[in-house]
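Containing mmCIF, C-alpha atoms: my_file.cif.
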```cif
data_data
#
loop_
_atom_site.label_atom_id
_atom_site.label_comp_id
_atom_site.auth_asym_id
_atom_site.auth_seq_id
_atom_site.Cartn_x
_atom_site.Cartn_y
_atom_site.Cartn_z
CA MET A 743 22.26 33.28 12.48
CA TYR A 744 20.53 30.97 14.98
CA ILE A 745 17.21 32.84 14.96
CA GLU A 746 14.49 31.72 12.59
CA SER A 747 14.09 34.44 9.95
CA LYS A 748 10.30 34.28 9.87
CA LEU A 749 10.18 35.14 13.57
CA PHE A 750 12.95 37.73 13.52
CA LEU A 751 12.12 41.10 15.09
CA PRO A 752 15.00 43.54 14.42
CA GLY A 753 14.07 46.06 17.10
CA LEU A 754 13.76 43.38 19.77
CA HIS A 755 17.14 42.02 18.75
CA ALA A 756 18.80 45.45 18.97
CA LEU A 757 17.21 46.14 22.37
CA ARG A 758 18.62 42.88 23.70
CA GLY A 759 22.10 43.95 22.63
CA LEU A 760 21.71 47.41 24.13
CA ALA A 761 20.52 45.84 27.41
CA ALA A 762 23.73 43.82 27.54
CA THR A 763 25.79 46.96 26.87
CA ALA A 764 23.95 48.84 29.63
CA THR A 765 24.81 46.15 32.18
CA ILE A 766 28.50 46.50 31.32
CA LEU A 767 28.37 50.22 32.10
CA PHE A 768 26.43 49.55 35.29
CA HIS A 769 28.78 46.87 36.62
CA LEU A 770 31.92 48.68 35.52
CA HIS A 771 30.91 51.56 37.75
CA LEU A 772 29.69 49.55 40.73
CA MET A 773 32.15 46.64 40.96
CA GLN A 774 34.64 47.46 43.70
CA PRO A 775 36.66 49.60 43.67
CA ILE A 776 34.08 51.99 42.23
CA PHE A 777 35.26 54.11 39.32
CA LYS A 778 34.36 57.76 39.74
CA VAL A 779 31.86 59.46 37.43
CA GLU A 780 30.40 62.94 37.49
CA TYR A 781 28.13 63.83 34.58
CA LEU A 782 27.81 60.14 33.73
CA SER A 783 26.23 59.28 37.07
CA PHE A 784 23.12 58.17 35.18
CA VAL A 785 24.92 54.85 34.47
CA ASN A 786 23.73 53.88 37.96
CA SER A 787 20.31 53.44 36.35
CA PHE A 788 21.64 51.04 33.73
CA GLY A 789 20.97 48.12 36.04
CA LEU A 790 17.60 48.35 34.29
CA GLY A 791 19.29 46.41 31.52
CA VAL A 792 18.42 43.30 33.55
CA THR A 793 14.77 44.38 33.83
CA LEU A 794 14.73 44.95 30.08
CA PHE A 795 16.20 41.46 29.56
CA PHE A 796 13.40 39.90 31.63
CA MET A 797 10.66 41.72 29.73
CA LEU A 798 12.21 40.91 26.36
CA SER A 799 12.51 37.29 27.44
CA CYS A 800 8.77 36.77 27.97
CA PHE A 801 7.94 38.93 24.95
CA SER A 802 10.10 36.75 22.69
CA LEU A 803 8.90 33.49 24.29
CA PHE A 804 5.34 34.47 23.48
CA HIS A 805 6.34 35.46 19.96
CA SER A 806 8.04 32.13 19.24
CA THR A 807 5.72 29.76 21.13
CA HIS A 808 2.11 30.93 21.37
CA THR A 809 1.08 29.67 17.91
CA LYS A 810 2.60 26.22 18.42
CA THR A 811 0.56 24.88 21.33
CA HIS A 812 -1.60 22.89 18.87
CA GLN A 813 1.40 20.71 18.00
CA ASN A 814 1.66 17.38 19.79
CA ASN A 815 5.27 17.80 20.90
CA TRP A 816 5.31 21.57 21.41
CA LEU A 817 6.30 21.32 25.08
CA PHE A 818 9.21 19.01 24.29
CA VAL A 819 10.34 21.39 21.55
CA TYR A 820 10.07 24.35 23.94
CA VAL A 821 12.11 22.61 26.65
CA ILE A 822 14.83 21.45 24.25
CA LYS A 823 15.27 24.94 22.80
CA ARG A 824 15.46 26.53 26.25
CA ILE A 825 17.99 23.97 27.50
CA PHE A 826 20.27 24.39 24.50
CA ARG A 827 19.94 28.18 24.67
CA ILE A 828 20.82 28.59 28.35
CA TYR A 829 22.55 25.56 29.80
CA PRO A 830 25.75 24.91 27.75
CA LEU A 831 27.16 28.43 28.20
CA PHE A 832 26.14 28.56 31.86
CA LEU A 833 27.85 25.21 32.50
CA LEU A 834 30.99 26.56 30.83
CA MET A 835 30.84 29.65 33.05
CA ILE A 836 30.52 27.47 36.15
CA VAL A 837 33.81 25.78 35.25
CA VAL A 838 35.46 29.13 34.47
CA HIS A 839 34.35 30.66 37.78
CA LEU A 840 35.45 27.66 39.84
CA ILE A 841 38.94 28.04 38.37
CA LEU A 842 38.95 31.84 38.52
CA HIS A 843 37.78 32.05 42.13
CA TYR A 844 40.43 29.56 43.19
CA ILE A 845 43.22 31.46 41.42
CA MET A 846 42.11 34.97 42.42
CA TYR A 847 40.67 34.40 45.90
CA ASP A 848 41.83 30.89 46.88
CA LYS A 849 38.11 30.05 47.16
CA VAL A 850 36.91 26.44 46.96
CA TYR A 851 33.18 25.72 46.80
CA ASN A 852 31.60 22.71 48.45
CA PHE A 853 29.78 19.96 46.58
CA ALA A 854 26.29 21.24 47.48
CA GLU A 855 27.05 24.72 46.13
CA ILE A 856 28.41 23.31 42.88
CA ILE A 857 25.44 20.98 42.39
CA SER A 858 22.90 23.75 43.08
CA ASN A 859 24.54 25.79 40.33
CA VAL A 860 24.83 22.89 37.90
CA LEU A 861 21.12 22.18 38.37
CA ILE A 862 20.32 25.93 38.42
CA VAL A 863 18.24 25.61 41.61
CA TYR A 864 20.24 28.04 43.75
CA GLN A 865 17.43 30.57 43.38
CA PHE A 866 15.53 28.58 46.00
CA TYR A 867 18.31 28.89 48.60
CA PRO A 868 18.37 32.42 50.06
CA GLY A 869 21.95 33.33 50.73
CA GLN A 870 23.18 31.30 47.76
CA HIS A 871 20.64 32.76 45.34
CA THR A 872 23.18 35.02 43.64
CA SER A 873 25.19 32.02 42.34
CA PHE A 874 28.99 31.97 42.37
CA VAL A 875 28.76 32.72 38.64
CA TRP A 876 28.94 36.51 38.59
CA ALA A 877 25.62 38.03 37.48
CA GLY A 878 24.24 34.48 37.58
CA TRP A 879 21.31 35.35 39.87
CA THR A 880 19.36 36.43 36.79
CA ILE A 881 19.82 33.01 35.18
CA GLY A 882 18.25 31.34 38.21
CA VAL A 883 15.28 33.71 37.97
CA GLU A 884 15.05 33.27 34.19
CA VAL A 885 15.09 29.46 34.30
CA THR A 886 12.41 29.44 36.99
CA PHE A 887 10.17 31.48 34.71
CA TYR A 888 10.97 29.18 31.78
CA CYS A 889 9.46 26.36 33.85
CA LEU A 890 6.34 28.37 34.66
CA PHE A 891 5.71 29.90 31.24
CA PRO A 892 4.21 26.85 29.42
CA PHE A 893 1.56 26.47 32.13
CA LEU A 894 0.60 30.14 31.89
CA LEU A 895 0.50 29.84 28.10
CA VAL A 896 -1.89 26.89 28.27
CA ILE A 897 -4.16 28.52 30.87
CA SER A 898 -4.87 31.59 28.77
CA GLN A 899 -3.52 33.79 26.00
CA LYS A 900 -6.06 36.54 26.59
CA ILE A 901 -5.08 40.08 27.47
CA ILE A 902 -7.48 40.28 30.43
CA PHE A 903 -5.92 37.19 32.07
CA TRP A 904 -2.37 38.53 31.72
CA LEU A 905 -3.45 42.00 32.85
CA LEU A 906 -4.98 40.59 36.04
CA LEU A 907 -1.92 38.40 36.54
CA PHE A 908 0.34 41.42 36.09
CA ILE A 909 -1.59 43.45 38.67
CA ILE A 910 -1.61 40.59 41.20
CA THR A 911 2.08 39.76 40.84
CA MET A 912 2.99 43.46 40.93
CA LEU A 913 1.12 43.97 44.21
CA LEU A 914 2.70 40.84 45.70
CA SER A 915 6.14 41.95 44.51
CA ARG A 916 5.93 45.13 46.58
CA ASP A 917 5.80 43.09 49.79
CA ILE A 918 8.68 40.73 49.00
CA PRO A 919 11.52 42.91 50.42
CA GLN A 920 9.58 43.44 53.66
CA LEU A 921 8.77 39.73 53.93
CA VAL A 922 12.42 38.81 53.38
CA ALA A 923 13.43 41.22 56.15
CA GLN A 924 10.85 39.74 58.55
CA LEU A 925 12.19 36.24 57.87
CA ASN A 926 15.77 37.45 58.50
CA LEU A 927 16.88 36.26 55.08
CA ASP A 928 19.65 37.78 53.00
CA THR A 929 18.47 41.31 52.19
CA SER A 930 19.40 41.02 48.53
CA TYR A 931 16.95 38.12 48.16
CA GLY A 932 14.16 40.67 48.42
CA TYR A 933 15.29 42.19 45.14
CA MET A 934 17.11 39.34 43.38
CA SER A 935 14.51 36.60 43.58
CA PHE A 936 11.88 35.09 41.32
CA PRO A 937 8.87 36.25 43.43
CA ARG A 938 10.12 39.83 43.24
CA GLU A 939 10.81 39.76 39.48
CA LEU A 940 7.85 37.64 38.31
CA PHE A 941 5.68 40.64 37.48
CA VAL A 942 8.41 41.94 35.14
CA PHE A 943 8.17 38.78 33.02
CA ILE A 944 4.37 38.93 33.14
CA GLY A 945 4.59 42.53 31.96
CA GLY A 946 6.59 41.37 28.93
CA GLY A 947 3.92 38.79 28.09
CA LEU A 948 1.11 41.30 28.51
CA LEU A 949 2.97 43.72 26.29
CA TYR A 950 3.31 41.11 23.54
CA LEU A 951 -0.43 40.38 23.57
CA ILE A 952 -1.18 44.09 23.33
CA ALA A 953 1.36 44.58 20.54
CA ASN A 954 0.06 41.54 18.67
CA ARG A 955 -3.53 42.78 18.78
CA TYR A 956 -2.78 46.47 18.31
CA PRO A 957 0.24 46.69 15.98
CA ILE A 958 2.30 49.84 16.16
CA ASN A 959 2.26 52.41 13.34
CA ARG A 960 4.55 55.33 12.60
CA LYS A 961 2.39 58.06 14.18
CA ILE A 962 1.81 56.08 17.37
CA ALA A 963 5.52 55.22 17.51
CA ILE A 964 6.54 58.89 17.30
CA LEU A 965 3.96 59.84 19.93
CA LEU A 966 5.08 57.09 22.32
CA LEU A 967 8.74 57.95 21.88
CA ALA A 968 7.91 61.58 22.71
CA VAL A 969 6.03 60.42 25.82
CA PHE A 970 9.00 58.23 26.76
CA ILE A 971 11.54 61.07 26.43
CA ILE A 972 9.36 63.63 28.25
CA THR A 973 8.69 61.17 31.07
CA ILE A 974 12.40 60.40 31.45
CA VAL A 975 13.19 64.12 31.72
CA LEU A 976 10.41 64.72 34.25
CA TYR A 977 11.41 61.63 36.20
CA LYS A 978 15.02 62.75 36.36
CA TYR A 979 14.53 66.42 37.16
CA ALA A 980 11.05 66.99 38.56
CA VAL A 981 9.09 63.94 39.64
CA HIS A 982 11.34 61.38 41.30
CA ASN A 983 10.82 61.31 45.07
CA LYS A 984 9.08 64.70 44.94
CA PHE A 985 5.47 63.97 44.10
CA PHE A 986 4.00 60.49 43.75
CA LEU A 987 6.97 58.14 43.56
CA LYS A 988 8.23 56.27 46.59
CA PRO A 989 11.47 54.23 46.45
CA ASP A 990 9.54 50.94 46.26
CA ASP A 991 7.53 52.25 43.30
CA VAL A 992 10.56 53.02 41.13
CA LEU A 993 10.84 49.51 39.67
CA PHE A 994 7.17 49.50 38.66
CA PHE A 995 7.53 52.91 37.05
CA ASN A 996 10.60 51.70 35.15
CA VAL A 997 8.76 48.61 33.90
CA LEU A 998 6.10 50.91 32.46
CA LEU A 999 8.75 53.03 30.72
CA LEU A 1000 10.58 50.01 29.35
CA GLY A 1001 7.25 48.65 28.11
CA ILE A 1002 6.74 51.85 26.09
CA LEU A 1003 10.26 51.51 24.69
CA ILE A 1004 9.76 47.87 23.64
CA TYR A 1005 6.32 48.52 22.15
CA THR A 1006 7.71 51.41 20.13
CA LEU A 1007 10.83 49.71 18.81
CA TYR A 1008 10.27 45.93 18.72
CA LYS A 1009 9.66 45.89 14.94
CA SER A 1010 11.67 48.98 14.08
CA LYS A 1011 15.01 48.97 12.25
CA ILE A 1012 16.07 52.33 13.70
CA LEU A 1013 18.55 50.73 16.11
CA PHE A 1014 19.28 47.67 13.98
CA ASN A 1015 22.56 47.35 12.09
CA ARG A 1016 25.34 44.79 11.75
CA PHE A 1017 26.87 45.71 15.08
CA THR A 1018 23.64 45.69 17.11
CA LYS A 1019 22.77 42.43 15.32
CA PHE A 1020 25.97 40.96 16.76
CA LEU A 1021 25.27 42.43 20.20
CA GLY A 1022 21.80 40.90 20.13
CA GLU A 1023 23.03 37.46 19.10
CA ALA A 1024 25.87 37.52 21.64
CA SER A 1025 23.95 39.30 24.43
CA TYR A 1026 23.81 36.22 26.68
CA THR A 1027 27.55 35.62 26.24
CA ILE A 1028 28.31 39.30 26.79
CA TYR A 1029 26.19 39.35 29.93
CA LEU A 1030 27.91 36.39 31.60
CA LEU A 1031 31.38 37.28 30.32
CA HIS A 1032 31.71 40.96 31.18
CA PRO A 1033 32.06 40.65 35.00
CA ILE A 1034 35.03 38.32 34.50
CA VAL A 1035 36.76 40.76 32.14
CA ILE A 1036 36.10 43.69 34.48
CA ALA A 1037 37.46 41.80 37.51
CA ILE A 1038 40.64 40.77 35.71
CA LEU A 1039 41.28 44.21 34.19
CA LYS A 1040 40.39 46.39 37.18
CA PRO A 1041 43.97 46.66 38.55
CA TYR A 1042 45.13 47.89 35.14
CA LEU A 1043 42.14 50.13 34.43
CA THR A 1044 42.55 52.09 37.66
CA SER A 1045 45.86 53.40 36.33
CA ILE A 1046 43.92 55.32 33.67
CA TYR A 1047 42.58 57.55 36.43
CA ASP A 1048 46.19 58.36 37.39
CA LEU A 1049 46.55 60.24 34.11
CA GLN A 1050 44.61 63.15 35.64
CA LEU A 1051 41.95 63.06 32.94
CA PRO A 1052 38.41 64.28 33.68
CA VAL A 1053 36.77 61.42 35.58
CA ASP A 1054 34.05 60.91 32.96
CA ILE A 1055 36.64 60.67 30.18
CA ALA A 1056 38.66 58.17 32.20
CA PHE A 1057 35.53 56.11 32.84
CA LEU A 1058 34.62 56.07 29.12
CA ILE A 1059 38.14 54.95 28.21
CA CYS A 1060 37.85 52.12 30.73
CA PHE A 1061 34.47 51.18 29.28
CA LEU A 1062 35.75 51.15 25.70
CA ILE A 1063 38.64 48.87 26.69
CA VAL A 1064 36.36 46.45 28.57
CA PHE A 1065 33.65 46.57 25.91
CA SER A 1066 36.11 45.89 23.08
CA ILE A 1067 37.70 42.92 24.83
CA VAL A 1068 34.30 41.51 25.83
CA CYS A 1069 33.03 41.80 22.25
CA VAL A 1070 36.08 40.02 20.82
CA ILE A 1071 35.87 37.12 23.28
CA ALA A 1072 32.08 36.99 22.99
CA TYR A 1073 32.37 36.78 19.20
CA ILE A 1074 34.66 33.76 19.48
CA ILE A 1075 32.52 31.99 22.09
CA ASN A 1076 29.30 32.85 20.30
CA SER A 1077 30.54 31.75 16.88
CA TYR A 1078 32.29 28.53 17.83
CA PHE A 1079 30.43 27.39 20.94
CA GLU A 1080 27.05 28.96 21.66
CA ILE A 1081 25.54 29.19 18.16
CA PRO A 1082 26.63 25.71 16.94
CA ILE A 1083 25.24 24.08 20.09
CA TYR A 1084 21.99 26.03 19.86
CA ARG A 1085 21.60 25.17 16.19
CA TYR A 1086 21.93 21.50 17.09
CA GLY A 1087 19.21 21.97 19.71
CA VAL A 1088 16.94 23.68 17.18
CA GLN A 1089 17.44 20.84 14.69
CA LEU A 1090 16.69 18.30 17.39
CA ALA A 1091 13.54 20.21 18.34
CA LYS A 1092 12.39 20.52 14.73
CA SER A 1093 12.76 16.79 14.21
CA LYS A 1094 10.15 16.29 16.94
CA GLU A 1095 7.66 18.91 15.70
CA THR A 1096 4.41 17.27 14.60
CA THR A 1097 0.95 18.69 14.11
#
```

Written as structure tokens, how would this file's structure read?
Amino acid sequence: MYIESKLFLPGLHALRGLAATATILFHLHLMQPIFKVEYLSFVNSFGLGVTLFFMLSCFSLFHSTHTKTHQNNWLFVYVIKRIFRIYPLFLLMIVVHLILHYIMYDKVYNFAEIISNVLIVYQFYPGQHTSFVWAGWTIGVEVTFYCLFPFLLVISQKIIFWLLLFIITMLLSRDIPQLVAQLNLDTSYGYMSFPRELFVFIGGGLLYLIANRYPINRKIAILLLAVFIITIVLYKYAVHNKFFLKPDDVLFFNVLLLGILIYTLYKSKILFNRFTKFLGEASYTIYLLHPIVIAILKPYLTSIYDLQLPVDIAFLICFLIVFSIVCVIAYIINSYFEIPIYRYGVQLAKSKETT
């Protein structure tokens, strides 16, 4: 296991794995051609797995870093760990996608596009912000926040500061899609960009500070879970687009709900077992790997719908096939590539830790 045991939060780990699983369901349904669903149409909401990833990211960064700012080399240690956690696998995926896109689509990328992905700066180029690595837009957003986080950590670790920052970035985020439209930029940049998603990360940091000061107990956990479930039901069947929610407010509402979920479960072992432990450890690999597997298998998976099964059953069969293959490949990559490299980075970082 590459996670330090003294910092291990089982619930957070399980949630990370479930977020990765949710994105598989979401992309399996939406990647063209779209597989039909009926009663399982709620998988369209599983794109929130990315939002959950962003919140968990800042939450865990706070958890692992906020007590170490008194160390002389803490920033170096932070940077080394982040580089070894993100960059090696992403670089591997760049190579894989260059080969795959050439074989499948006869697509050759120019030098500037390749370099912007290698340096992970494509987020700053609207139109190329999605990366040619499928689902890679989130990595560009994530790395940008990694660069910002140490400065925010040094400025203040007080709840009031992060609350004000959350409110400000949330209000600014609402105007990003409109601003992007006015500037005639790629429409998706309004929703897949760092300025739009910054408040989500800030929300994860604010949540950690609240959780750290006001630890959860069993009664509060049960109450919050009840609130979460009731709100989901109301949101689905009574509230959404009928009373106070406008389309642009949905993301902010979802961040609030996900915050309740994280706060309730981040220390809990309810969802934690050997399998969710694996999903949590391999979540980054699973996230970057699954679009490739879906794209390669789609021609074969569509034949399952020819069996005249109920569409939801056919979709679940397709998911189980994709999920199983992704997990097997992710296990191999995670065990023999990602974890060994990250462990080396951790050892390098620890060798530089001084008080």

Practice item. Could you tell me which of A:Thr809, A:Ser935, A:Gln924, A:Thr886 comes closest to Gln870 (chain A) if we count only C-alpha atoms? Key: A:Ser935

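Using only C-alpha atoms for every distance, the candidate list A:Phe768, A:Tyr1042, A:Tyr1078, A:Phe804 yields A:Phe768 as the residue closest to Gly791 (chain A).
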
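Close contacts of region 833-839 of chain A, defined as residues with an atom at most 9 Å away when counting only C-alpha atoms, with chain neighbours fewer than 5 positions off set aside, comprise Ile828, Tyr844, Ile856, Asn859, Val860, Phe874, Val875, Trp876, Leu1030, Leu1031 and Ile1034 of chain A.
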
Please provide as a PDB file with C-alpha atoms, in the coordinates of the input all residues within 9 Å of Tyr820 (chain A), with the sequence filter that same-chain residues fewer than 4 positions apart are discarded (counting all atoms listed in the file).
```pdb
ATOM      1  CA  THR A 807       5.720  29.760  21.130  1.00  0.00           C
ATOM      2  CA  ASN A 815       5.270  17.800  20.900  1.00  0.00           C
ATOM      3  CA  TRP A 816       5.310  21.570  21.410  1.00  0.00           C
ATOM      4  CA  ARG A 824      15.460  26.530  26.250  1.00  0.00           C
ATOM      5  CA  ILE A 825      17.990  23.970  27.500  1.00  0.00           C
ATOM      6  CA  PRO A 892       4.210  26.850  29.420  1.00  0.00           C
ATOM      7  CA  ALA A1091      13.540  20.210  18.340  1.00  0.00           C
TER       8      ALA A1091
END
```

Exercise for review: Might you spell out which residues the PyMOL selection byres ((chain A and resi 1011-1014) around 8) would select in the displayed file, as a list in words?
Suggested key: Pro752, Gly753, His755, Ala756, Leu757, Leu1007, Lys1009, Ser1010, Asn1015, Arg1016, Phe1017, Thr1018 and Lys1019 of chain A

Check your understanding: How many Å separate CA of Phe936 (chain A) from CA of Phe887 (chain A)?
Key ->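 Pair CA of Phe936 (chain A) / CA of Phe887 (chain A) returns 7.7 Å.
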
Practice item. Rank nothing, just name the residue among A:Leu751, A:Ile1063, A:Leu921, A:Val863 nearest to His1032 (chain A), using all atoms listed in the file. Key: A:Ile1063

**Study point:** Interatomic distance (Å, one decimal) between CA of Phe903 (chain A) and CA of Ile952 (chain A)
**Key:**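 A separation of 12.1 Å between them.
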
Practice item. Pick out the closest residue to Thr765 (chain A) from this set: A:Phe788, A:Phe796, A:Tyr867, A:Phe970. Count only C-alpha atoms. Key: A:Phe788

Practice item. Could you check which of A:Leu1043, A:Val1035, A:Met912, A:Val1088 is closest to Ile1071 (chain A), using all atoms listed in the file? Key: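 For Ile1071 (chain A), the nearest of the candidates is A:Val1035.
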
If I wrap all listed atoms of region 1004-1008 of chain A in a box with edges along x, y and z and add 6 Å on each side, what are its centre and edge lengths in Å to one decimal, as lines of an AutoDock Vina configuration file?
```
center_x = 8.6
center_y = 48.7
center_z = 21.2
size_x = 16.5
size_y = 17.5
size_z = 16.9
```

Exercise for review: Could you tell me how far CA of Leu905 (chain A) lies from CA of Gln813 (chain A), in Å and to one decimal?
Suggested key: 26.4 Å

**Study point:** Minimum-distance residue to Val779 (chain A), chosen among A:Ile1038, A:Phe941, A:Leu767, A:Ile918 (using all atoms listed in the file)
**Key:**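 The shortest atom-to-atom distance to Val779 (chain A) comes from A:Leu767.
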